[in-house]
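Colleague: This is the structure, below, for whatever I ask next.
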Amino acid sequence: MDNATLISDAELNVAPTYGRYPIALVRGEGCRVWDADGKEYLDFVSGLAVCNLGHCHPGVVSAIREQAGKLIHVSNLYHIEPQIDLAKKLNRLSFGDKAFFCNSGTEAVEAALKLARKYSFQKYGEGRHEILSFDMSFHGRTMASLTATGQAKFHGAFKPLLPGFRYMPFGDVESVAASVSEQTCAIMVEPIQGEGGVNVPPDGYLKGLREICDANDLLLLFDEVQVGLGRTGKLWAYEHEGVAPDAMSLAKALAGGTAIGALVASDKAMAFEPGDHAATFGGNPLATAAGCAAVDAITAPGFLEHVQEMGAYANAGLEELAKRHAIIKDIRGKGLIIGCEVDVDATSIVTKGLEAGFLLNVAVQKVIRLIPPLVVEKEMIDKLMNFLDEALADLAK
C-alpha cells in the first residue's frame with residue numbers, strides 16, 4: 001500500500017490519540033527509514049529515543065527470531081530464563097539488586113510510585129505517601145504517572161488527578177528541602193528532562209536530592225526512561241553526577257525497539273511482596289531476549305565512546321549555527337539528547353524536515369530536540385546541519 005491508502009485506513013480505524021504526520025513508515029535500517037511511497041529519511045527521533053541501536057539492529061533481530069521459535073510467552077507464575085538473564089545484566093551494570101519487568105515507561109513509573117508508597121507504609125504506616133516531582137517533568141500517561149508529570153497541558157480533561165503529589169521548581173535544591181513534610185515519602189526526577197525541553201539540572205543537583213532523601217528516609221526515584229541506556233554518553237544518566245537512586249524506571253531503548261519496561265531497585269527499597277504488583281506480559285521471553293541483545297550491544301567496547309564523540313560533534317555544529325542565527329537562544333543536553341532552543345515557534349521545522357528527508361522533533365514548541373540513533377555518523381549530522389542552516393533562516397523570516 002502507498003502512504004495515501006494507509007493514512008486513509010488509519011483515519012477510519014485507529015484512535016486519534018496522536019497528531020500524526022502524513023507519512024506511513026514501513027521499513028528501517030540503522031539511521032534510515034522509508035515510507036510506503038519509497039521515500040528515504042534520516043531519523044533524528046529514534047522512535048522517541050527507543051531505537052538507540054538504530055532500526056532493525058542485527059543482534060536484536062537475531063535474538064527475537066531465535067526466541068520466537070522457542071518460547072514467546074509464559075506466565076510470571078514460572079521462572080523465565082531470558083528475564084533472569086536481563087535482570088542480572090541490569091543489576092550488574094547499575095546500582096540495582098532487583099528488577100521488576102513491565103511493558104512501557106509509564107508502567108515502570110507506576111511501579112516506582114507504588115514501590116515508594118509500599119516502602120513508606122511498611123516503615124511508617126498510613127499518612128506518609130506524598131511524592132515530590134518537578135515542573136516541566138514528564139513521567140507518562142496513566143493516572144499516577146500523569147499526576148506526577150509537572151505540565152498542566154497534559155492534565156486537561158483528566159482531572160481530578162490523584163492526591164499526594166506536589167511539583168517543585170526543577171534545579172532548585174533548596175525549595176525541595178524546604179518542602180519535605182511528614183507526609184513525604186519520595187522524590188521522583190528525570191536526571192535530564194526530555195519532553196520538558198531537554199532541561200539539564202545544575203551540577204550538584206542530583207547530589208543535593210540524594211542528601212535530602214538520606215536525611216529524611218525518602219526514596220529517590222530516577223526516571224531514566226528516555227535518558228538511560230547510553231543516550232547521554234554514559235550507560236545511565238545518573239553516572240554523570242555519581243549519584244545512585246533507590247529505584248530507577250527504564251523502558252524505551254531497553255529492548256532495541258520491542259515493548260518493555262523495567263524498575264531497577266536496591267534491596268533496601270524493594271518492598272514489593274508477592275501480590276503487590278504484577279504485569280501479565282512483563283518480562284516475557286521475547287522482550288527480555290531482545291533486551292539482553294540490546295544491552296550487550298550498548299555495552300560493547302567503543303559504543304558509548306562513539307555516542308560521546310557524535311554528541312560533541314553535533315553540539316559543535318549547532319554552536320556554529322548559533323553564530324549565524326540569532327533566533328537560537330540556547331543549546332543544551334548531554335551525549336545524543338540535545339535541545340536547540342529558539343525564540344519563535346519551531347514546530348513548522350518538523351514538516352520542512354519531512355519534505356527534505358529528515359525525521360525531527362520539537363518539544364515545548366521552541367526546542368528542536370535531537371535524539372538520533374546512537375549509531376549516527378558524522379556525515380549524517382553534517383546533512384542535518386546543512387538543512388537546519390536553511391530552515392532556521394526561513395524560520396527567522
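Ligands are numbered from 1 in the order shown, residues from 1 within each chain, and chains are lettered A, B, ... in the order they appear in the C-alpha cells.
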Quick one: residues within 10 Å of Lys88 (chain A), only C-alpha atoms, excluding same-chain residues fewer than 6 positions away - as a list in words?
Modeller: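 Everything that qualifies: Pro82, Gly96, Asp97, Lys98, Ala99 and Cys292 of chain A.
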Colleague: Between CA of Leu86 (chain A) and CA of Gly140 (chain A), what is the distance, to one decimal in Å?
Modeller: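 Separating CA of Leu86 (chain A) from CA of Gly140 (chain A) is a distance of 23.6 Å.
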Colleague: Please report, as a ChimeraX atom specification, each residue of region 142-256 of chain A to which DSSP assigns helix (DSSP H, G or I) when run on this structure's backbone.
Modeller: /A:143-148,152-154,156-158,173-179,205-216,237-240,252-255
Colleague: Write out as a PyMOL selection string all residues of region 120-216 of chain A that DSSP puts in strand (DSSP E or B) for this structure's backbone.
Modeller: chain A and resi 130-135+150+165-168+184-189+193+199
Colleague: Write out as a ChimeraX atom specification the residues lying within 9 Å of Ser181 (chain A), counting only C-alpha atoms and excluding same-chain residues fewer than 3 positions away.
Modeller: /A:128,130,178,184-185
Colleague: Choose the residue, out of A:Val367, A:Ala68, A:Cys51, A:Leu218, that has the smallest atom-to-atom separation from Leu132 (chain A); count only C-alpha atoms.
Modeller: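 So, comparing all the options, the nearest one is A:Leu218.
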Colleague: Which of these, A:Leu53, A:Ala10, A:Leu318, A:Leu370, has the shortest distance to Gly30 (chain A) once you count only C-alpha atoms?
Modeller: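 The answer is A:Leu53, which sits nearest to Gly30 (chain A).
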Colleague: Show which residues sit within 10 Å of region 358-366 of chain A, as number ranges by chain. Count only C-alpha atoms, and ignore same-chain residues fewer than 3 positions away.
Modeller: A: 32-33, 40-48, 136, 194-198, 328-329, 339-355, 369-372, 383-384, 387
Colleague: At what distance in Å, to one decimal, does CA of Met188 (chain A) lie from CA of Ile131 (chain A)?
Modeller: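 CA of Met188 (chain A) lies 7.1 Å from CA of Ile131 (chain A).
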Colleague: From the set A:Leu388, A:Ile80, A:Val189, A:Val227, which residue has the shortest atom-to-atom contact distance to Gly333 (chain A), counting only C-alpha atoms?
Modeller: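 Looking at the shortest contact to Gly333 (chain A), the residue is A:Val227.
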Colleague: To one decimal place in Å, what is the distance between CA of Gly283 (chain A) and CA of Tyr238 (chain A)?
Modeller: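 Interatomic distance here is 24.1 Å.
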Colleague: Using only C-alpha atoms for the distances, tell me which of A:Val173, A:Leu254, A:Ala49, A:Ile298 is nearest to Lys207 (chain A).
Modeller: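 The closest residue to Lys207 (chain A) is A:Val173.
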Colleague: Would you pick out the contacts of region 259-268 of chain A at 7 Å or less, using only C-alpha atoms, so that residues sharing its chain but fewer than 4 positions from it are not included, and give the list as JSON, numbers by chain?
Modeller: {"A": [95, 96, 97, 98, 99, 100, 101, 102, 103, 104, 105, 107, 108, 111, 112, 246, 247, 248, 249, 250, 251, 254, 255, 287]}
Colleague: Can you write just those residues out, N, CA and C atoms, as a short mmCIF file (atom, residue, chain, number, x, y, z; two decimals), in the first residue's frame?
Modeller:
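Output below, filename selection07.cif:
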```cif
data_model
loop_
_atom_site.label_atom_id
_atom_site.label_comp_id
_atom_site.auth_asym_id
_atom_site.auth_seq_id
_atom_site.Cartn_x
_atom_site.Cartn_y
_atom_site.Cartn_z
N PHE A 95 23.29 0.31 40.01
CA PHE A 95 23.24 0.25 41.47
C PHE A 95 22.33 -0.86 41.96
N GLY A 96 21.52 -1.46 41.07
CA GLY A 96 20.38 -2.26 41.47
C GLY A 96 20.71 -3.64 42.03
N ASP A 97 19.73 -4.15 42.75
CA ASP A 97 19.78 -5.52 43.27
C ASP A 97 18.65 -6.39 42.73
N LYS A 98 17.51 -5.76 42.40
CA LYS A 98 16.35 -6.49 41.91
C LYS A 98 15.73 -5.71 40.75
N ALA A 99 15.15 -6.44 39.78
CA ALA A 99 14.49 -5.80 38.65
C ALA A 99 13.07 -6.35 38.50
N PHE A 100 12.11 -5.44 38.33
CA PHE A 100 10.73 -5.80 38.01
C PHE A 100 10.48 -5.41 36.56
N PHE A 101 9.83 -6.27 35.79
CA PHE A 101 9.61 -6.00 34.37
C PHE A 101 8.14 -5.77 34.06
N CYS A 102 7.93 -4.81 33.16
CA CYS A 102 6.59 -4.47 32.68
C CYS A 102 6.69 -4.22 31.17
N ASN A 103 5.86 -3.34 30.62
CA ASN A 103 5.77 -3.24 29.17
C ASN A 103 6.03 -1.85 28.60
N SER A 104 6.19 -0.84 29.45
CA SER A 104 6.32 0.53 28.94
C SER A 104 6.90 1.43 30.01
N GLY A 105 7.22 2.65 29.60
CA GLY A 105 7.76 3.62 30.54
C GLY A 105 6.77 4.04 31.59
N GLU A 107 4.33 2.36 32.79
CA GLU A 107 4.18 1.27 33.76
C GLU A 107 5.37 1.21 34.70
N ALA A 108 6.57 1.47 34.18
CA ALA A 108 7.76 1.45 35.04
C ALA A 108 7.69 2.57 36.07
N ALA A 111 5.16 1.61 38.72
CA ALA A 111 5.76 0.66 39.65
C ALA A 111 6.63 1.37 40.68
N ALA A 112 7.38 2.38 40.24
CA ALA A 112 8.22 3.14 41.17
C ALA A 112 7.38 3.88 42.20
N ASP A 246 17.44 5.13 44.60
CA ASP A 246 16.97 3.91 45.25
C ASP A 246 16.22 3.02 44.27
N ALA A 247 15.62 3.64 43.26
CA ALA A 247 14.92 2.90 42.22
C ALA A 247 14.96 3.72 40.94
N MET A 248 14.95 3.03 39.81
CA MET A 248 15.09 3.68 38.51
C MET A 248 14.14 3.04 37.51
N SER A 249 13.36 3.89 36.84
CA SER A 249 12.42 3.42 35.82
C SER A 249 13.10 3.45 34.45
N LEU A 250 12.94 2.35 33.71
CA LEU A 250 13.53 2.20 32.39
C LEU A 250 12.46 1.73 31.41
N ALA A 251 12.69 2.00 30.13
CA ALA A 251 11.83 1.46 29.07
C ALA A 251 12.52 1.80 27.74
N LEU A 254 15.41 -0.14 26.00
CA LEU A 254 15.87 -1.33 26.74
C LEU A 254 15.85 -2.61 25.91
N ALA A 255 14.94 -2.70 24.93
CA ALA A 255 14.86 -3.94 24.15
C ALA A 255 15.00 -3.67 22.65
N ALA A 287 10.52 -10.26 24.76
CA ALA A 287 11.02 -8.92 25.05
C ALA A 287 12.34 -8.96 25.80
#
```
Colleague: Need the shell around Glu211 (chain A): protein/DNA/RNA residues with any atom at most 12 Å away, counting only C-alpha atoms. Skip same-chain ones fewer than 4 positions apart. Format as a JSON list (two decimals) with all heavy atoms, in the first residue's frame?
Modeller:
```
[["chain", "number", "residue", "atom", "x", "y", "z"],
["A", 173, "VAL", "N", 17.46, 22.94, 44.64],
["A", 173, "VAL", "CA", 17.54, 22.01, 45.76],
["A", 173, "VAL", "C", 16.91, 22.61, 47.02],
["A", 173, "VAL", "O", 16.22, 21.91, 47.77],
["A", 173, "VAL", "CB", 19.02, 21.63, 46.04],
["A", 173, "VAL", "CG1", 19.12, 20.81, 47.32],
["A", 173, "VAL", "CG2", 19.58, 20.84, 44.87],
["A", 174, "GLU", "N", 17.12, 23.89, 47.24],
["A", 174, "GLU", "CA", 16.63, 24.50, 48.47],
["A", 174, "GLU", "C", 15.11, 24.42, 48.57],
["A", 174, "GLU", "O", 14.56, 24.18, 49.65],
["A", 174, "GLU", "CB", 17.08, 25.96, 48.54],
["A", 174, "GLU", "CG", 18.56, 26.15, 48.83],
["A", 174, "GLU", "CD", 19.44, 25.85, 47.61],
["A", 174, "GLU", "OE1", 18.89, 25.82, 46.48],
["A", 174, "GLU", "OE2", 20.65, 25.65, 47.80],
["A", 176, "VAL", "N", 13.20, 22.15, 47.41],
["A", 176, "VAL", "CA", 12.84, 20.78, 47.74],
["A", 176, "VAL", "C", 13.04, 20.52, 49.23],
["A", 176, "VAL", "O", 12.16, 19.98, 49.91],
["A", 176, "VAL", "CB", 13.65, 19.77, 46.90],
["A", 176, "VAL", "CG1", 13.29, 18.34, 47.28],
["A", 176, "VAL", "CG2", 13.41, 19.99, 45.41],
["A", 177, "ALA", "N", 14.19, 20.92, 49.73],
["A", 177, "ALA", "CA", 14.48, 20.71, 51.14],
["A", 177, "ALA", "C", 13.44, 21.38, 52.03],
["A", 177, "ALA", "O", 13.02, 20.82, 53.06],
["A", 177, "ALA", "CB", 15.87, 21.24, 51.47],
["A", 187, "ILE", "N", 11.01, 11.34, 46.27],
["A", 187, "ILE", "CA", 11.23, 12.38, 45.26],
["A", 187, "ILE", "C", 11.45, 11.66, 43.93],
["A", 187, "ILE", "O", 12.28, 10.75, 43.85],
["A", 187, "ILE", "CB", 12.46, 13.24, 45.61],
["A", 187, "ILE", "CG1", 12.23, 14.01, 46.92],
["A", 187, "ILE", "CG2", 12.78, 14.20, 44.47],
["A", 187, "ILE", "CD1", 13.47, 14.72, 47.43],
["A", 204, "GLY", "N", 25.60, 19.22, 40.83],
["A", 204, "GLY", "CA", 25.34, 19.04, 42.25],
["A", 204, "GLY", "C", 23.88, 18.87, 42.61],
["A", 204, "GLY", "O", 23.56, 18.57, 43.77],
["A", 205, "TYR", "N", 22.99, 19.04, 41.63],
["A", 205, "TYR", "CA", 21.56, 18.97, 41.91],
["A", 205, "TYR", "C", 21.13, 17.58, 42.37],
["A", 205, "TYR", "O", 20.45, 17.43, 43.39],
["A", 205, "TYR", "CB", 20.79, 19.39, 40.66],
["A", 205, "TYR", "CG", 19.29, 19.32, 40.78],
["A", 205, "TYR", "CD1", 18.62, 20.13, 41.68],
["A", 205, "TYR", "CD2", 18.55, 18.47, 39.98],
["A", 205, "TYR", "CE1", 17.24, 20.09, 41.78],
["A", 205, "TYR", "CE2", 17.17, 18.41, 40.07],
["A", 205, "TYR", "CZ", 16.52, 19.23, 40.97],
["A", 205, "TYR", "OH", 15.15, 19.18, 41.06],
["A", 206, "LEU", "N", 21.54, 16.57, 41.62],
["A", 206, "LEU", "CA", 21.15, 15.21, 42.00],
["A", 206, "LEU", "C", 21.76, 14.81, 43.34],
["A", 206, "LEU", "O", 21.14, 14.11, 44.14],
["A", 206, "LEU", "CB", 21.55, 14.22, 40.91],
["A", 206, "LEU", "CG", 20.89, 14.41, 39.54],
["A", 206, "LEU", "CD1", 21.32, 13.32, 38.58],
["A", 206, "LEU", "CD2", 19.37, 14.46, 39.65],
["A", 207, "LYS", "N", 22.98, 15.27, 43.59],
["A", 207, "LYS", "CA", 23.60, 15.00, 44.89],
["A", 207, "LYS", "C", 22.81, 15.65, 46.01],
["A", 207, "LYS", "O", 22.63, 15.06, 47.09],
["A", 207, "LYS", "CB", 25.04, 15.52, 44.91],
["A", 207, "LYS", "CG", 26.01, 14.68, 44.07],
["A", 207, "LYS", "CD", 27.44, 15.19, 44.20],
["A", 207, "LYS", "CE", 28.39, 14.33, 43.38],
["A", 207, "LYS", "NZ", 29.79, 14.80, 43.48],
["A", 215, "ALA", "N", 18.59, 12.16, 54.47],
["A", 215, "ALA", "CA", 18.33, 12.81, 55.76],
["A", 215, "ALA", "C", 16.92, 12.56, 56.25],
["A", 215, "ALA", "O", 16.65, 12.62, 57.47],
["A", 215, "ALA", "CB", 18.58, 14.32, 55.64],
["A", 216, "ASN", "N", 15.98, 12.26, 55.34],
["A", 216, "ASN", "CA", 14.58, 12.13, 55.70],
["A", 216, "ASN", "C", 14.01, 10.73, 55.45],
["A", 216, "ASN", "O", 12.80, 10.52, 55.57],
["A", 216, "ASN", "CB", 13.75, 13.16, 54.93],
["A", 216, "ASN", "CG", 14.08, 14.58, 55.29],
["A", 216, "ASN", "OD1", 13.60, 15.11, 56.28],
["A", 216, "ASN", "ND2", 14.94, 15.21, 54.49],
["A", 217, "ASP", "N", 14.89, 9.77, 55.10],
["A", 217, "ASP", "CA", 14.47, 8.42, 54.77],
["A", 217, "ASP", "C", 13.38, 8.41, 53.68],
["A", 217, "ASP", "O", 12.34, 7.76, 53.81],
["A", 217, "ASP", "CB", 13.98, 7.65, 55.99],
["A", 217, "ASP", "CG", 13.88, 6.13, 55.71],
["A", 217, "ASP", "OD1", 14.53, 5.67, 54.76],
["A", 217, "ASP", "OD2", 13.15, 5.44, 56.44],
["A", 218, "LEU", "N", 13.64, 9.17, 52.62],
["A", 218, "LEU", "CA", 12.78, 9.17, 51.44],
["A", 218, "LEU", "C", 13.43, 8.32, 50.36],
["A", 218, "LEU", "O", 14.66, 8.21, 50.30],
["A", 218, "LEU", "CB", 12.60, 10.59, 50.90],
["A", 218, "LEU", "CG", 12.28, 11.71, 51.90],
["A", 218, "LEU", "CD1", 12.18, 13.04, 51.16],
["A", 218, "LEU", "CD2", 11.01, 11.41, 52.66],
["A", 219, "LEU", "N", 12.64, 7.75, 49.48],
["A", 219, "LEU", "CA", 13.21, 7.07, 48.32],
["A", 219, "LEU", "C", 13.47, 8.09, 47.21],
["A", 219, "LEU", "O", 12.62, 8.93, 46.92],
["A", 219, "LEU", "CB", 12.28, 5.97, 47.81],
["A", 219, "LEU", "CG", 12.10, 4.73, 48.69],
["A", 219, "LEU", "CD1", 11.41, 3.63, 47.90],
["A", 219, "LEU", "CD2", 13.42, 4.23, 49.25],
["A", 220, "LEU", "N", 14.64, 7.99, 46.61],
["A", 220, "LEU", "CA", 14.98, 8.81, 45.46],
["A", 220, "LEU", "C", 14.72, 7.98, 44.21],
["A", 220, "LEU", "O", 15.35, 6.94, 44.00],
["A", 220, "LEU", "CB", 16.44, 9.25, 45.52],
["A", 220, "LEU", "CG", 16.94, 10.14, 44.38],
["A", 220, "LEU", "CD1", 16.12, 11.42, 44.27],
["A", 220, "LEU", "CD2", 18.42, 10.47, 44.56],
["A", 243, "VAL", "N", 25.73, 9.74, 41.37],
["A", 243, "VAL", "CA", 24.70, 9.63, 42.39],
["A", 243, "VAL", "C", 23.77, 8.49, 42.03],
["A", 243, "VAL", "O", 23.20, 8.47, 40.94],
["A", 243, "VAL", "CB", 23.89, 10.94, 42.50],
["A", 243, "VAL", "CG1", 22.75, 10.79, 43.50],
["A", 243, "VAL", "CG2", 24.79, 12.08, 42.90],
["A", 244, "ALA", "N", 23.59, 7.55, 42.92],
["A", 244, "ALA", "CA", 22.69, 6.42, 42.67],
["A", 244, "ALA", "C", 21.34, 6.67, 43.31],
["A", 244, "ALA", "O", 21.26, 7.13, 44.45],
["A", 244, "ALA", "CB", 23.29, 5.13, 43.21],
["A", 245, "PRO", "N", 20.24, 6.35, 42.61],
["A", 245, "PRO", "CA", 18.91, 6.43, 43.22],
["A", 245, "PRO", "C", 18.63, 5.18, 44.04],
["A", 245, "PRO", "O", 19.46, 4.26, 44.11],
["A", 245, "PRO", "CB", 18.00, 6.50, 42.00],
["A", 245, "PRO", "CG", 18.71, 5.63, 40.99],
["A", 245, "PRO", "CD", 20.18, 5.89, 41.21]]
```
Colleague: Would you please work out which residue, of A:Asp172, A:Glu110, A:Glu11, A:Asp389, is nearest to Leu146 (chain A) when using only C-alpha atoms?
Modeller: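 Selected residue with least distance to Leu146 (chain A): A:Glu110.
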Colleague: Mind checking which residues fall within 8 Å of Ser94 (chain A), counting only C-alpha atoms, ignoring those fewer than 3 positions away in the same chain, and posting them as a list of chain:residue names?
Modeller: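 Contacts, with the query itself left out: A:Leu90, A:Asn91, A:Trp236.
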